[in-house]
Every structure is written in C-alpha cells, then in structure tokens.
file protein_9.pdb (PDB, C-alpha atoms)
ATOM      1  CA  THR A   1      -4.988 -13.159 -16.909  1.00  0.00           C
ATOM      2  CA  GLU A   2      -4.595 -13.849 -13.203  1.00  0.00           C
ATOM      3  CA  ILE A   3      -2.027 -12.906 -10.582  1.00  0.00           C
ATOM      4  CA  TYR A   4      -0.918 -15.890  -8.532  1.00  0.00           C
ATOM      5  CA  THR A   5       0.387 -15.687  -4.986  1.00  0.00           C
ATOM      6  CA  LEU A   6       3.088 -18.036  -3.758  1.00  0.00           C
ATOM      7  CA  SER A   7       5.328 -18.054  -0.698  1.00  0.00           C
ATOM      8  CA  LEU A   8       8.951 -19.071  -0.344  1.00  0.00           C
ATOM      9  CA  HIS A   9      10.445 -19.748   3.076  1.00  0.00           C
ATOM     10  CA  ASP A  10      13.632 -18.024   4.098  1.00  0.00           C
ATOM     11  CA  ALA A  11      15.162 -20.675   6.350  1.00  0.00           C
ATOM     12  CA  LEU A  12      14.747 -24.456   6.293  1.00  0.00           C
ATOM     13  CA  PRO A  13      15.377 -25.990   8.748  1.00  0.00           C
ATOM     14  CA  ILE A  14      14.743 -23.464  11.525  1.00  0.00           C
ATOM     15  CA  CYS A  15      18.049 -22.155  12.848  1.00  0.00           C
ATOM     16  CA  ALA A  16      19.296 -21.321  16.310  1.00  0.00           C
ATOM     17  CA  TRP A  17      19.770 -17.593  15.799  1.00  0.00           C
ATOM     18  CA  PRO A  18      21.604 -16.731  19.051  1.00  0.00           C
ATOM     19  CA  GLN A  19      24.613 -18.762  17.808  1.00  0.00           C
ATOM     20  CA  ASN A  20      26.707 -18.158  14.722  1.00  0.00           C
ATOM     21  CA  GLU A  21      25.435 -21.516  13.483  1.00  0.00           C
ATOM     22  CA  GLY A  22      22.169 -19.723  12.716  1.00  0.00           C
ATOM     23  CA  ARG A  23      23.720 -17.692   9.927  1.00  0.00           C
ATOM     24  CA  LYS A  24      25.544 -20.779   8.628  1.00  0.00           C
ATOM     25  CA  CYS A  25      22.236 -22.637   8.560  1.00  0.00           C
ATOM     26  CA  ILE A  26      20.620 -19.870   6.525  1.00  0.00           C
ATOM     27  CA  ARG A  27      23.417 -19.967   3.962  1.00  0.00           C
ATOM     28  CA  ASN A  28      23.263 -23.741   3.691  1.00  0.00           C
ATOM     29  CA  SER A  29      19.484 -23.688   3.251  1.00  0.00           C
ATOM     30  CA  ILE A  30      19.556 -21.399   0.203  1.00  0.00           C
ATOM     31  CA  PRO A  31      20.327 -24.153  -2.350  1.00  0.00           C
ATOM     32  CA  HIS A  32      17.479 -26.207  -0.861  1.00  0.00           C
ATOM     33  CA  ILE A  33      15.080 -23.295  -1.235  1.00  0.00           C
ATOM     34  CA  ILE A  34      16.068 -22.584  -4.822  1.00  0.00           C
ATOM     35  CA  ARG A  35      15.957 -26.245  -5.822  1.00  0.00           C
ATOM     36  CA  ASN A  36      12.575 -27.012  -4.230  1.00  0.00           C
ATOM     37  CA  ASP A  37      10.586 -23.769  -4.211  1.00  0.00           C
ATOM     38  CA  VAL A  38      11.645 -21.623  -7.163  1.00  0.00           C
ATOM     39  CA  PRO A  39      10.607 -24.228  -9.819  1.00  0.00           C
ATOM     40  CA  PHE A  40       6.971 -23.449  -8.902  1.00  0.00           C
ATOM     41  CA  LEU A  41       7.497 -20.134 -10.683  1.00  0.00           C
ATOM     42  CA  PHE A  42       7.952 -21.906 -13.973  1.00  0.00           C
ATOM     43  CA  LYS A  43       5.096 -24.420 -13.926  1.00  0.00           C
ATOM     44  CA  GLN A  44       2.746 -22.403 -16.117  1.00  0.00           C
ATOM     45  CA  ARG A  45       4.049 -21.258 -19.475  1.00  0.00           C
ATOM     46  CA  LEU A  46       3.102 -17.724 -20.317  1.00  0.00           C
ATOM     47  CA  GLY A  47       2.460 -18.446 -23.970  1.00  0.00           C
ATOM     48  CA  ARG A  48       3.635 -16.448 -26.958  1.00  0.00           C
ATOM     49  CA  GLU A  49       3.333 -12.678 -26.829  1.00  0.00           C
ATOM     50  CA  THR A  50       2.724 -10.912 -30.100  1.00  0.00           C
ATOM     51  CA  HIS A  51       3.388  -7.313 -29.128  1.00  0.00           C
ATOM     52  CA  MET A  52       6.068  -7.577 -26.443  1.00  0.00           C
ATOM     53  CA  GLN A  53       9.427  -9.238 -26.038  1.00  0.00           C
ATOM     54  CA  GLU A  54       9.527 -13.018 -25.755  1.00  0.00           C
ATOM     55  CA  LYS A  55      11.533 -13.276 -22.551  1.00  0.00           C
ATOM     56  CA  ARG A  56       9.602 -13.101 -19.306  1.00  0.00           C
ATOM     57  CA  VAL A  57      10.484 -10.271 -16.926  1.00  0.00           C
ATOM     58  CA  ALA A  58      11.018 -10.644 -13.180  1.00  0.00           C
ATOM     59  CA  LEU A  59      11.745  -8.067 -10.487  1.00  0.00           C
ATOM     60  CA  VAL A  60      13.468  -9.195  -7.286  1.00  0.00           C
ATOM     61  CA  THR A  61      13.474  -6.697  -4.419  1.00  0.00           C
ATOM     62  CA  GLY A  62      16.523  -6.998  -2.183  1.00  0.00           C
ATOM     63  CA  GLY A  63      18.088  -9.031  -4.964  1.00  0.00           C
ATOM     64  CA  ASN A  64      21.699  -7.985  -4.473  1.00  0.00           C
ATOM     65  CA  LYS A  65      22.612 -10.577  -1.832  1.00  0.00           C
ATOM     66  CA  GLY A  66      21.511 -13.660   0.101  1.00  0.00           C
ATOM     67  CA  ILE A  67      18.337 -15.436  -0.893  1.00  0.00           C
ATOM     68  CA  GLY A  68      17.311 -12.633  -3.251  1.00  0.00           C
ATOM     69  CA  LEU A  69      20.529 -12.986  -5.236  1.00  0.00           C
ATOM     70  CA  GLU A  70      20.140 -16.765  -5.444  1.00  0.00           C
ATOM     71  CA  ILE A  71      16.557 -16.387  -6.664  1.00  0.00           C
ATOM     72  CA  ALA A  72      17.699 -13.842  -9.257  1.00  0.00           C
ATOM     73  CA  LYS A  73      20.343 -16.292 -10.473  1.00  0.00           C
ATOM     74  CA  ALA A  74      17.777 -19.091 -10.737  1.00  0.00           C
ATOM     75  CA  LEU A  75      15.392 -16.899 -12.704  1.00  0.00           C
ATOM     76  CA  ALA A  76      18.153 -15.817 -15.083  1.00  0.00           C
ATOM     77  CA  LYS A  77      19.125 -19.455 -15.655  1.00  0.00           C
ATOM     78  CA  ASN A  78      15.496 -20.098 -16.611  1.00  0.00           C
ATOM     79  CA  ASP A  79      15.790 -17.434 -19.311  1.00  0.00           C
ATOM     80  CA  PHE A  80      14.045 -14.601 -17.485  1.00  0.00           C
ATOM     81  CA  VAL A  81      15.114 -11.005 -17.813  1.00  0.00           C
ATOM     82  CA  VAL A  82      15.819 -10.256 -14.148  1.00  0.00           C
ATOM     83  CA  LEU A  83      15.714  -6.813 -12.586  1.00  0.00           C
ATOM     84  CA  VAL A  84      17.863  -6.931  -9.465  1.00  0.00           C
ATOM     85  CA  GLY A  85      16.542  -4.401  -6.969  1.00  0.00           C
ATOM     86  CA  SER A  86      18.659  -2.804  -4.264  1.00  0.00           C
ATOM     87  CA  ARG A  87      18.587   0.396  -2.216  1.00  0.00           C
ATOM     88  CA  LYS A  88      21.958   1.323  -3.719  1.00  0.00           C
ATOM     89  CA  LEU A  89      22.203   1.284  -7.504  1.00  0.00           C
ATOM     90  CA  GLU A  90      25.877   0.312  -7.387  1.00  0.00           C
ATOM     91  CA  ASP A  91      25.032  -2.798  -5.335  1.00  0.00           C
ATOM     92  CA  ALA A  92      22.275  -3.701  -7.776  1.00  0.00           C
ATOM     93  CA  GLY A  93      24.639  -3.264 -10.706  1.00  0.00           C
ATOM     94  CA  SER A  94      27.367  -5.394  -9.130  1.00  0.00           C
ATOM     95  CA  ALA A  95      24.920  -8.189  -8.401  1.00  0.00           C
ATOM     96  CA  ALA A  96      23.482  -8.044 -11.917  1.00  0.00           C
ATOM     97  CA  LYS A  97      26.984  -8.209 -13.395  1.00  0.00           C
ATOM     98  CA  SER A  98      27.713 -11.344 -11.342  1.00  0.00           C
ATOM     99  CA  ILE A  99      24.562 -12.993 -12.708  1.00  0.00           C
ATOM    100  CA  GLY A 100      25.143 -12.303 -16.383  1.00  0.00           C
ATOM    101  CA  GLU A 101      23.576 -10.703 -19.418  1.00  0.00           C
ATOM    102  CA  ASN A 102      19.990 -11.598 -18.434  1.00  0.00           C
ATOM    103  CA  ALA A 103      20.216  -9.409 -15.313  1.00  0.00           C
ATOM    104  CA  HIS A 104      19.939  -5.642 -14.889  1.00  0.00           C
ATOM    105  CA  GLY A 105      20.437  -3.584 -11.758  1.00  0.00           C
ATOM    106  CA  ILE A 106      17.626  -1.277 -10.638  1.00  0.00           C
ATOM    107  CA  GLN A 107      17.549   1.162  -7.729  1.00  0.00           C
ATOM    108  CA  LEU A 108      14.638   0.255  -5.474  1.00  0.00           C
ATOM    109  CA  ASP A 109      14.132   1.183  -1.837  1.00  0.00           C
ATOM    110  CA  VAL A 110      10.859  -0.422  -0.734  1.00  0.00           C
ATOM    111  CA  THR A 111      10.439   2.219   1.994  1.00  0.00           C
ATOM    112  CA  ASP A 112      10.721   5.150  -0.451  1.00  0.00           C
ATOM    113  CA  GLN A 113       7.658   5.814  -2.630  1.00  0.00           C
ATOM    114  CA  ALA A 114       9.615   7.957  -5.092  1.00  0.00           C
ATOM    115  CA  SER A 115      12.094   5.113  -5.583  1.00  0.00           C
ATOM    116  CA  ILE A 116       9.258   2.619  -6.079  1.00  0.00           C
ATOM    117  CA  ASP A 117       7.502   4.846  -8.624  1.00  0.00           C
ATOM    118  CA  ALA A 118      10.743   5.399 -10.534  1.00  0.00           C
ATOM    119  CA  ALA A 119      11.347   1.640 -10.667  1.00  0.00           C
ATOM    120  CA  ALA A 120       7.829   1.028 -11.991  1.00  0.00           C
ATOM    121  CA  ASP A 121       8.314   3.727 -14.632  1.00  0.00           C
ATOM    122  CA  ARG A 122      11.558   2.115 -15.756  1.00  0.00           C
ATOM    123  CA  VAL A 123       9.984  -1.340 -16.010  1.00  0.00           C
ATOM    124  CA  ARG A 124       7.155   0.064 -18.125  1.00  0.00           C
ATOM    125  CA  SER A 125       9.378   2.099 -20.416  1.00  0.00           C
ATOM    126  CA  GLU A 126      11.978  -0.621 -20.994  1.00  0.00           C
ATOM    127  CA  PHE A 127       9.896  -3.818 -20.895  1.00  0.00           C
ATOM    128  CA  GLY A 128       6.217  -2.904 -21.067  1.00  0.00           C
ATOM    129  CA  ARG A 129       5.129  -5.464 -18.515  1.00  0.00           C
ATOM    130  CA  LEU A 130       6.173  -7.519 -15.480  1.00  0.00           C
ATOM    131  CA  ASP A 131       5.662 -11.288 -15.232  1.00  0.00           C
ATOM    132  CA  ILE A 132       6.970 -11.945 -11.708  1.00  0.00           C
ATOM    133  CA  LEU A 133       7.207  -9.633  -8.726  1.00  0.00           C
ATOM    134  CA  MET A 134       9.458 -11.265  -6.146  1.00  0.00           C
ATOM    135  CA  ASN A 135       8.874  -9.434  -2.858  1.00  0.00           C
ATOM    136  CA  ASN A 136      12.095 -10.507  -1.163  1.00  0.00           C
ATOM    137  CA  ALA A 137      13.463  -7.396   0.586  1.00  0.00           C
ATOM    138  CA  GLY A 138      13.278  -7.690   4.349  1.00  0.00           C
ATOM    139  CA  ILE A 139      15.097  -6.913   7.592  1.00  0.00           C
ATOM    140  CA  SER A 140      15.189  -8.785  10.889  1.00  0.00           C
ATOM    141  CA  ARG A 141      15.600  -5.755  13.145  1.00  0.00           C
ATOM    142  CA  ALA A 142      16.225  -2.025  13.112  1.00  0.00           C
ATOM    143  CA  PRO A 143      19.883  -1.288  12.301  1.00  0.00           C
ATOM    144  CA  LYS A 144      21.909  -0.373  15.384  1.00  0.00           C
ATOM    145  CA  PRO A 145      25.492   0.680  14.572  1.00  0.00           C
ATOM    146  CA  GLY A 146      27.945  -1.121  16.827  1.00  0.00           C
ATOM    147  CA  GLY A 147      25.321  -3.287  18.499  1.00  0.00           C
ATOM    148  CA  THR A 148      25.686  -7.072  18.733  1.00  0.00           C
ATOM    149  CA  PHE A 149      23.144  -9.592  17.522  1.00  0.00           C
ATOM    150  CA  LYS A 150      22.606 -10.805  21.104  1.00  0.00           C
ATOM    151  CA  GLU A 151      21.825  -7.269  22.247  1.00  0.00           C
ATOM    152  CA  ALA A 152      19.399  -6.807  19.366  1.00  0.00           C
ATOM    153  CA  MET A 153      17.589 -10.051  20.186  1.00  0.00           C
ATOM    154  CA  ALA A 154      17.232  -8.980  23.824  1.00  0.00           C
ATOM    155  CA  LEU A 155      15.232  -5.971  22.594  1.00  0.00           C
ATOM    156  CA  ASN A 156      13.257  -7.886  19.965  1.00  0.00           C
ATOM    157  CA  SER A 157      10.168  -8.610  22.035  1.00  0.00           C
ATOM    158  CA  LEU A 158       7.070  -6.604  21.151  1.00  0.00           C
ATOM    159  CA  THR A 159       6.683  -5.738  24.829  1.00  0.00           C
ATOM    160  CA  SER A 160      10.226  -4.400  25.225  1.00  0.00           C
ATOM    161  CA  ALA A 161      11.371  -3.191  21.797  1.00  0.00           C
ATOM    162  CA  PRO A 162      11.208   0.568  21.180  1.00  0.00           C
ATOM    163  CA  LEU A 163       8.149   1.326  19.072  1.00  0.00           C
ATOM    164  CA  ALA A 164      10.330   3.176  16.572  1.00  0.00           C
ATOM    165  CA  ASP A 165      12.362  -0.002  15.994  1.00  0.00           C
ATOM    166  CA  ILE A 166       9.206  -2.045  15.424  1.00  0.00           C
ATOM    167  CA  ARG A 167       7.999   0.529  12.901  1.00  0.00           C
ATOM    168  CA  VAL A 168      11.300   0.247  10.996  1.00  0.00           C
ATOM    169  CA  VAL A 169      10.873  -3.521  10.625  1.00  0.00           C
ATOM    170  CA  PHE A 170       7.218  -3.226   9.576  1.00  0.00           C
ATOM    171  CA  GLU A 171       8.036  -0.403   7.149  1.00  0.00           C
ATOM    172  CA  THR A 172      10.213  -2.775   5.113  1.00  0.00           C
ATOM    173  CA  ASN A 173       8.640  -6.174   5.728  1.00  0.00           C
ATOM    174  CA  VAL A 174       4.958  -5.231   5.516  1.00  0.00           C
ATOM    175  CA  PHE A 175       4.333  -1.746   4.127  1.00  0.00           C
ATOM    176  CA  GLY A 176       7.184  -2.158   1.657  1.00  0.00           C
ATOM    177  CA  VAL A 177       5.498  -5.276   0.268  1.00  0.00           C
ATOM    178  CA  ILE A 178       2.196  -3.419  -0.057  1.00  0.00           C
ATOM    179  CA  ALA A 179       3.745  -0.329  -1.660  1.00  0.00           C
ATOM    180  CA  VAL A 180       5.759  -2.243  -4.254  1.00  0.00           C
ATOM    181  CA  THR A 181       2.844  -4.536  -5.059  1.00  0.00           C
ATOM    182  CA  GLN A 182       0.502  -1.585  -5.585  1.00  0.00           C
ATOM    183  CA  ALA A 183       2.990   0.044  -7.944  1.00  0.00           C
ATOM    184  CA  MET A 184       3.657  -3.128  -9.942  1.00  0.00           C
ATOM    185  CA  VAL A 185       0.122  -4.558 -10.257  1.00  0.00           C
ATOM    186  CA  PRO A 186      -0.653  -2.518 -13.414  1.00  0.00           C
ATOM    187  CA  LEU A 187       2.480  -3.982 -15.022  1.00  0.00           C
ATOM    188  CA  LEU A 188       1.600  -7.498 -13.861  1.00  0.00           C
ATOM    189  CA  ARG A 189      -1.806  -7.086 -15.496  1.00  0.00           C
ATOM    190  CA  GLU A 190       0.003  -6.699 -18.805  1.00  0.00           C
ATOM    191  CA  SER A 191       1.392 -10.220 -18.396  1.00  0.00           C
ATOM    192  CA  PRO A 192      -0.496 -13.309 -19.632  1.00  0.00           C
ATOM    193  CA  ALA A 193       0.067 -14.903 -16.200  1.00  0.00           C
ATOM    194  CA  GLY A 194       1.509 -12.523 -13.634  1.00  0.00           C
ATOM    195  CA  ARG A 195       2.803 -13.785 -10.336  1.00  0.00           C
ATOM    196  CA  ILE A 196       3.384 -12.089  -6.996  1.00  0.00           C
ATOM    197  CA  VAL A 197       5.789 -14.064  -4.828  1.00  0.00           C
ATOM    198  CA  LEU A 198       6.837 -13.455  -1.224  1.00  0.00           C
ATOM    199  CA  THR A 199       9.929 -14.626   0.584  1.00  0.00           C
ATOM    200  CA  GLY A 200       8.064 -15.776   3.653  1.00  0.00           C
ATOM    201  CA  SER A 201       9.393 -17.245   6.849  1.00  0.00           C
ATOM    202  CA  SER A 202       8.748 -20.150   9.158  1.00  0.00           C
ATOM    203  CA  GLY A 203       8.850 -17.400  11.786  1.00  0.00           C
ATOM    204  CA  GLY A 204       5.601 -16.116  10.314  1.00  0.00           C
ATOM    205  CA  SER A 205       3.796 -19.207  11.558  1.00  0.00           C
ATOM    206  CA  MET A 206       1.036 -18.429  14.070  1.00  0.00           C
ATOM    207  CA  THR A 207       2.058 -21.540  15.988  1.00  0.00           C
ATOM    208  CA  LEU A 208       5.709 -20.549  16.202  1.00  0.00           C
ATOM    209  CA  ASN A 209       4.719 -17.019  17.176  1.00  0.00           C
ATOM    210  CA  SER A 210       3.252 -18.443  20.378  1.00  0.00           C
ATOM    211  CA  ASP A 211       6.884 -18.855  21.487  1.00  0.00           C
ATOM    212  CA  PRO A 212       7.829 -15.812  23.604  1.00  0.00           C
ATOM    213  CA  ALA A 213      11.298 -15.880  22.013  1.00  0.00           C
ATOM    214  CA  ASN A 214       9.822 -14.663  18.736  1.00  0.00           C
ATOM    215  CA  GLY A 215       9.612 -10.910  18.312  1.00  0.00           C
ATOM    216  CA  ASN A 216       8.703  -8.145  15.909  1.00  0.00           C
ATOM    217  CA  TYR A 217      10.389  -9.800  12.889  1.00  0.00           C
ATOM    218  CA  SER A 218       8.199 -12.887  13.172  1.00  0.00           C
ATOM    219  CA  VAL A 219       5.058 -10.809  13.633  1.00  0.00           C
ATOM    220  CA  SER A 220       5.962  -8.726  10.582  1.00  0.00           C
ATOM    221  CA  LYS A 221       6.362 -11.868   8.456  1.00  0.00           C
ATOM    222  CA  THR A 222       2.972 -13.139   9.617  1.00  0.00           C
ATOM    223  CA  ALA A 223       1.464  -9.851   8.446  1.00  0.00           C
ATOM    224  CA  ALA A 224       3.359  -9.957   5.127  1.00  0.00           C
ATOM    225  CA  GLN A 225       2.132 -13.476   4.423  1.00  0.00           C
ATOM    226  CA  ALA A 226      -1.437 -12.376   5.118  1.00  0.00           C
ATOM    227  CA  VAL A 227      -1.003  -9.475   2.691  1.00  0.00           C
ATOM    228  CA  THR A 228       0.287 -11.813  -0.020  1.00  0.00           C
ATOM    229  CA  LEU A 229      -2.663 -14.160   0.436  1.00  0.00           C
ATOM    230  CA  ASP A 230      -5.185 -11.332  -0.006  1.00  0.00           C
ATOM    231  CA  ARG A 231      -6.484 -12.656  -3.319  1.00  0.00           C
ATOM    232  CA  LYS A 232      -9.302 -10.093  -3.420  1.00  0.00           C
ATOM    233  CA  SER A 233      -6.648  -7.457  -4.022  1.00  0.00           C
ATOM    234  CA  THR A 234      -4.471  -9.420  -6.443  1.00  0.00           C
ATOM    235  CA  ARG A 235      -6.958 -11.432  -8.517  1.00  0.00           C
ATOM    236  CA  LEU A 236      -7.813  -9.838 -11.853  1.00  0.00           C
TER
END
call {"tool": "encode", "arguments": {"input": "protein_9.pdb", "output": "structure tokens"}}
result
Amino acid sequence: TEIYTLSLHDALPICAWPQNEGRKCIRNSIPHIIRNDVPFLFKQRLGRETHMQEKRVALVTGGNKGIGLEIAKALAKNDFVVLVGSRKLEDAGSAAKSIGENAHGIQLDVTDQASIDAAADRVRSEFGRLDILMNNAGISRAPKPGGTFKEAMALNSLTSAPLADIRVVFETNVFGVIAVTQAMVPLLRESPAGRIVLTGSSGGSMTLNSDPANGNYSVSKTAAQAVTLDRKSTRL
C-alpha cells in the first residue's frame, strides 16, 4: 500500500483579487477544477476489501462551502462515503445534508489538536480506515471584523503584516495540513491505496511569489505544497 500525493489548484485562471470580479472568477473556476482535477482521485481502483466496507471513505477538511463542498459532492457522486469537515458541526451537517446520503458531517478544526484527534477516532470507530484525505481547509488572511478586503490586502505583505496575522494564516494553511495528515496517516495505511490530496494554489508558485503583490497567503501555500510533496513522510 502506498500513499499518493496530488495537488488541486484553487483558482484557474488567476483572478484579479482587488476587484469583486476576483471572487466571481473563483466561483466560475470551481466546475473546471472538479471536472479536470478531481477525476485523478479515481484512476486507481482500490480493489475488493474482505474485512471492511466496500465503499471508499474520504475526508474533506473545510468541506462545508466553496471548493471543498464541490469536491465533497464530486466524491459522493463517485460512490465515496464522504466526511464533510467543518469547524462548526452544524455547518458540516448542513453541507452533508445538501450532498445526500453518502455524506456525513464531522466537526474538525485543523488548528485544534483535540478536534483533530476526535475526528480521527470517529473515522476509525465508524469506518476502520481512510482512503482519501483531502486537505482543503485554508484561509487567505487573518479575520478582521469590519475590515474591507482592500484594507486586508494592504497589510498582506510579509514586510508589513503583523506577525500575529501571519501566524494565523500559517496555522491553518501549513501546520493544519501537517497536524491533520499526521493524525490520519495510520488510517490511510489501512487503505489498499491511500491518497493525500492538497487544495493548492497558483499563488504557491515560486515564480508568482516573486511578485511583490503576493503576501503571506501565497507563501503559506508554497509551504503547504512542499509539505504535501514530502514523499519520505507519506510513502509507506
């Protein structure tokens, strides 16, 4: 058994974030992502299990909205049992209900070790294994109540952003990926062909990060992609 690492990109084409068109572009790109990237998850059949349930099991962090929700829907349509992770259990449950009977809500805050451990315990007790870990949860900036997007972008540079704000982004986008992966690897090893998948970003490109307009989000995605490609840690 081997754990594979893949990367999905969160926005194609690249959007002009300072305008509202940026958010529209992200929404319009989701069907493209699902249609072209998610099928890679299904290329290798897992074979027939003799001591566990037949349906493959996938966990999607940050699966209650946006790209995570669309990925969860695609997995469910491909006959996966999908665990929809969200910081709030009620949000996870609502998203799972909108997907259908193949989906189940699960409380999972990638910045809270107790939450991560509880999620891993639930997966083991209810399903016995995990076939796909979809590391999707991510944030673009530290939440600032009442602040505008333009104001947030003005403080997004690594040389001007408060260090505490940079830590908040890295806590979710980088350390959250590591923490969840560490907790789920034992369950992935129970799968005939486990996969760890990351929602990456074109902003994680080293070339694009040479643009001074890119800030701590882009740097965090570069780090997350490097973590996902660390095959020494994820190869069995």
call {"tool": "resolve_selection", "arguments": {"input": "protein_9.pdb", "expression": "the PyMOL selection byres ((chain A and resi 165) around 12)", "output": "number ranges by chain"}}
result
A: 139-144, 152, 155-164, 166-172, 215-217
call {"tool": "atom_distance", "arguments": {"input": "protein_9.pdb", "atom1": "atom CA of A:Ala96", "atom2": "atom CA of A:Gly66"}}
result
13.4 Å
call {"tool": "closest_residue", "arguments": {"input": "protein_9.pdb", "among": "A:Val57, A:Ala223, A:Ala114, A:Val177", "to": "A:Glu190", "atoms": "only C-alpha atoms"}}
result
A:Val57
call {"tool": "closest_residue", "arguments": {"input": "protein_9.pdb", "among": "A:Gln225, A:Arg129, A:Thr207, A:Lys88", "to": "A:Ala193", "atoms": "only C-alpha atoms"}}
result
A:Arg129
call {"tool": "closest_residue", "arguments": {"input": "protein_9.pdb", "among": "A:Thr199, A:Asn135, A:Ser125, A:Ser94", "to": "A:Phe175", "atoms": "all atoms listed in the file"}}
result
A:Asn135
call {"tool": "resolve_selection", "arguments": {"input": "protein_9.pdb", "expression": "the PyMOL selection byres ((chain A and resi 111) around 7)", "output": "compact mmCIF listing (two decimals) with C-alpha atoms, keeping the file's coordinate frame"}}
result
# COMPACT_ATOMS: atom_id res chain seq x y z
CA ASP A 109 14.13 1.18 -1.84
CA VAL A 110 10.86 -0.42 -0.73
CA ASP A 112 10.72 5.15 -0.45
CA GLN A 113 7.66 5.81 -2.63
CA GLU A 171 8.04 -0.40 7.15
CA THR A 172 10.21 -2.78 5.11
CA GLY A 176 7.18 -2.16 1.66
call {"tool": "resolve_selection", "arguments": {"input": "protein_9.pdb", "expression": "the PyMOL selection byres ((chain A and resi 55) around 7)", "output": "count of residues only"}}
result
7
call {"tool": "atom_distance", "arguments": {"input": "protein_9.pdb", "atom1": "atom CA of A:Val174", "atom2": "atom CA of A:Phe127"}}
result
26.9 Å
call {"tool": "closest_residue", "arguments": {"input": "protein_9.pdb", "among": "A:Pro192, A:Leu198, A:Thr181, A:Gly93", "to": "A:Thr222", "atoms": "all atoms listed in the file"}}
result
A:Leu198
call {"tool": "residues_around", "arguments": {"input": "protein_9.pdb", "residues": "stretch 131-134 of chain A", "least_positions_apart": "3", "cutoff": "7 Å", "atoms": "all atoms listed in the file", "output": "list in words"}}
result
Arg56, Val57, Ala58, Leu59, Val60, Thr61, Leu188, Ser191, Ala193, Gly194, Arg195, Ile196, Val197 and Leu198 of chain A
call {"tool": "residues_around", "arguments": {"input": "protein_9.pdb", "residues": "A:Ala72", "least_positions_apart": "2", "cutoff": "10 Å", "atoms": "all atoms listed in the file", "output": "number ranges by chain"}}
result
A: 34, 58-65, 67-70, 74-78, 80-85, 95-96, 99, 102-103, 134
call {"tool": "atom_distance", "arguments": {"input": "protein_9.pdb", "atom1": "atom CA of A:Ile106", "atom2": "atom CA of A:Arg124"}}
result
12.9 Å
call {"tool": "build_atoms", "arguments": {"input": "protein_9.pdb", "residues": "stretch 186-192 of chain A", "atoms": "all heavy atoms", "output": "JSON list (two decimals), in the frame of the given file"}}
result
[["chain", "number", "residue", "atom", "x", "y", "z"],
["A", 186, "PRO", "N", -0.30, -2.86, -12.02],
["A", 186, "PRO", "CA", -0.65, -2.52, -13.41],
["A", 186, "PRO", "C", 0.26, -3.17, -14.44],
["A", 186, "PRO", "O", -0.19, -3.56, -15.53],
["A", 186, "PRO", "CB", -0.52, -0.99, -13.44],
["A", 186, "PRO", "CG", -0.75, -0.57, -12.03],
["A", 186, "PRO", "CD", -0.12, -1.64, -11.20],
["A", 187, "LEU", "N", 1.54, -3.33, -14.12],
["A", 187, "LEU", "CA", 2.48, -3.98, -15.02],
["A", 187, "LEU", "C", 2.25, -5.49, -15.06],
["A", 187, "LEU", "O", 2.38, -6.12, -16.10],
["A", 187, "LEU", "CB", 3.91, -3.68, -14.59],
["A", 187, "LEU", "CG", 4.36, -2.23, -14.80],
["A", 187, "LEU", "CD1", 5.55, -1.89, -13.92],
["A", 187, "LEU", "CD2", 4.69, -1.99, -16.26],
["A", 188, "LEU", "N", 1.90, -6.07, -13.92],
["A", 188, "LEU", "CA", 1.60, -7.50, -13.86],
["A", 188, "LEU", "C", 0.34, -7.82, -14.66],
["A", 188, "LEU", "O", 0.22, -8.90, -15.23],
["A", 188, "LEU", "CB", 1.43, -7.94, -12.40],
["A", 188, "LEU", "CG", 2.73, -8.00, -11.58],
["A", 188, "LEU", "CD1", 2.40, -7.94, -10.09],
["A", 188, "LEU", "CD2", 3.52, -9.26, -11.89],
["A", 189, "ARG", "N", -0.58, -6.87, -14.73],
["A", 189, "ARG", "CA", -1.81, -7.09, -15.50],
["A", 189, "ARG", "C", -1.54, -7.11, -17.00],
["A", 189, "ARG", "O", -2.39, -7.58, -17.76],
["A", 189, "ARG", "CB", -2.82, -6.00, -15.15],
["A", 189, "ARG", "CG", -3.44, -6.22, -13.77],
["A", 189, "ARG", "CD", -4.41, -5.12, -13.41],
["A", 189, "ARG", "NE", -5.10, -5.45, -12.16],
["A", 189, "ARG", "CZ", -5.54, -4.56, -11.28],
["A", 189, "ARG", "NH1", -5.36, -3.26, -11.51],
["A", 189, "ARG", "NH2", -6.16, -4.94, -10.19],
["A", 190, "GLU", "N", -0.37, -6.63, -17.40],
["A", 190, "GLU", "CA", 0.00, -6.70, -18.80],
["A", 190, "GLU", "C", 0.58, -8.07, -19.17],
["A", 190, "GLU", "O", 0.80, -8.36, -20.35],
["A", 190, "GLU", "CB", 1.04, -5.62, -19.13],
["A", 190, "GLU", "CG", 0.56, -4.19, -18.91],
["A", 190, "GLU", "CD", -0.56, -3.80, -19.86],
["A", 190, "GLU", "OE1", -0.63, -4.37, -20.97],
["A", 190, "GLU", "OE2", -1.38, -2.93, -19.50],
["A", 191, "SER", "N", 0.83, -8.89, -18.17],
["A", 191, "SER", "CA", 1.39, -10.22, -18.40],
["A", 191, "SER", "C", 0.28, -11.23, -18.62],
["A", 191, "SER", "O", -0.80, -11.12, -18.02],
["A", 191, "SER", "CB", 2.22, -10.66, -17.19],
["A", 191, "SER", "OG", 2.56, -12.03, -17.27],
["A", 192, "PRO", "N", 0.51, -12.25, -19.45],
["A", 192, "PRO", "CA", -0.50, -13.31, -19.63],
["A", 192, "PRO", "C", -0.74, -14.11, -18.35],
["A", 192, "PRO", "O", -1.80, -14.71, -18.20],
["A", 192, "PRO", "CB", 0.11, -14.20, -20.72],
["A", 192, "PRO", "CG", 1.08, -13.32, -21.44],
["A", 192, "PRO", "CD", 1.63, -12.40, -20.40]]
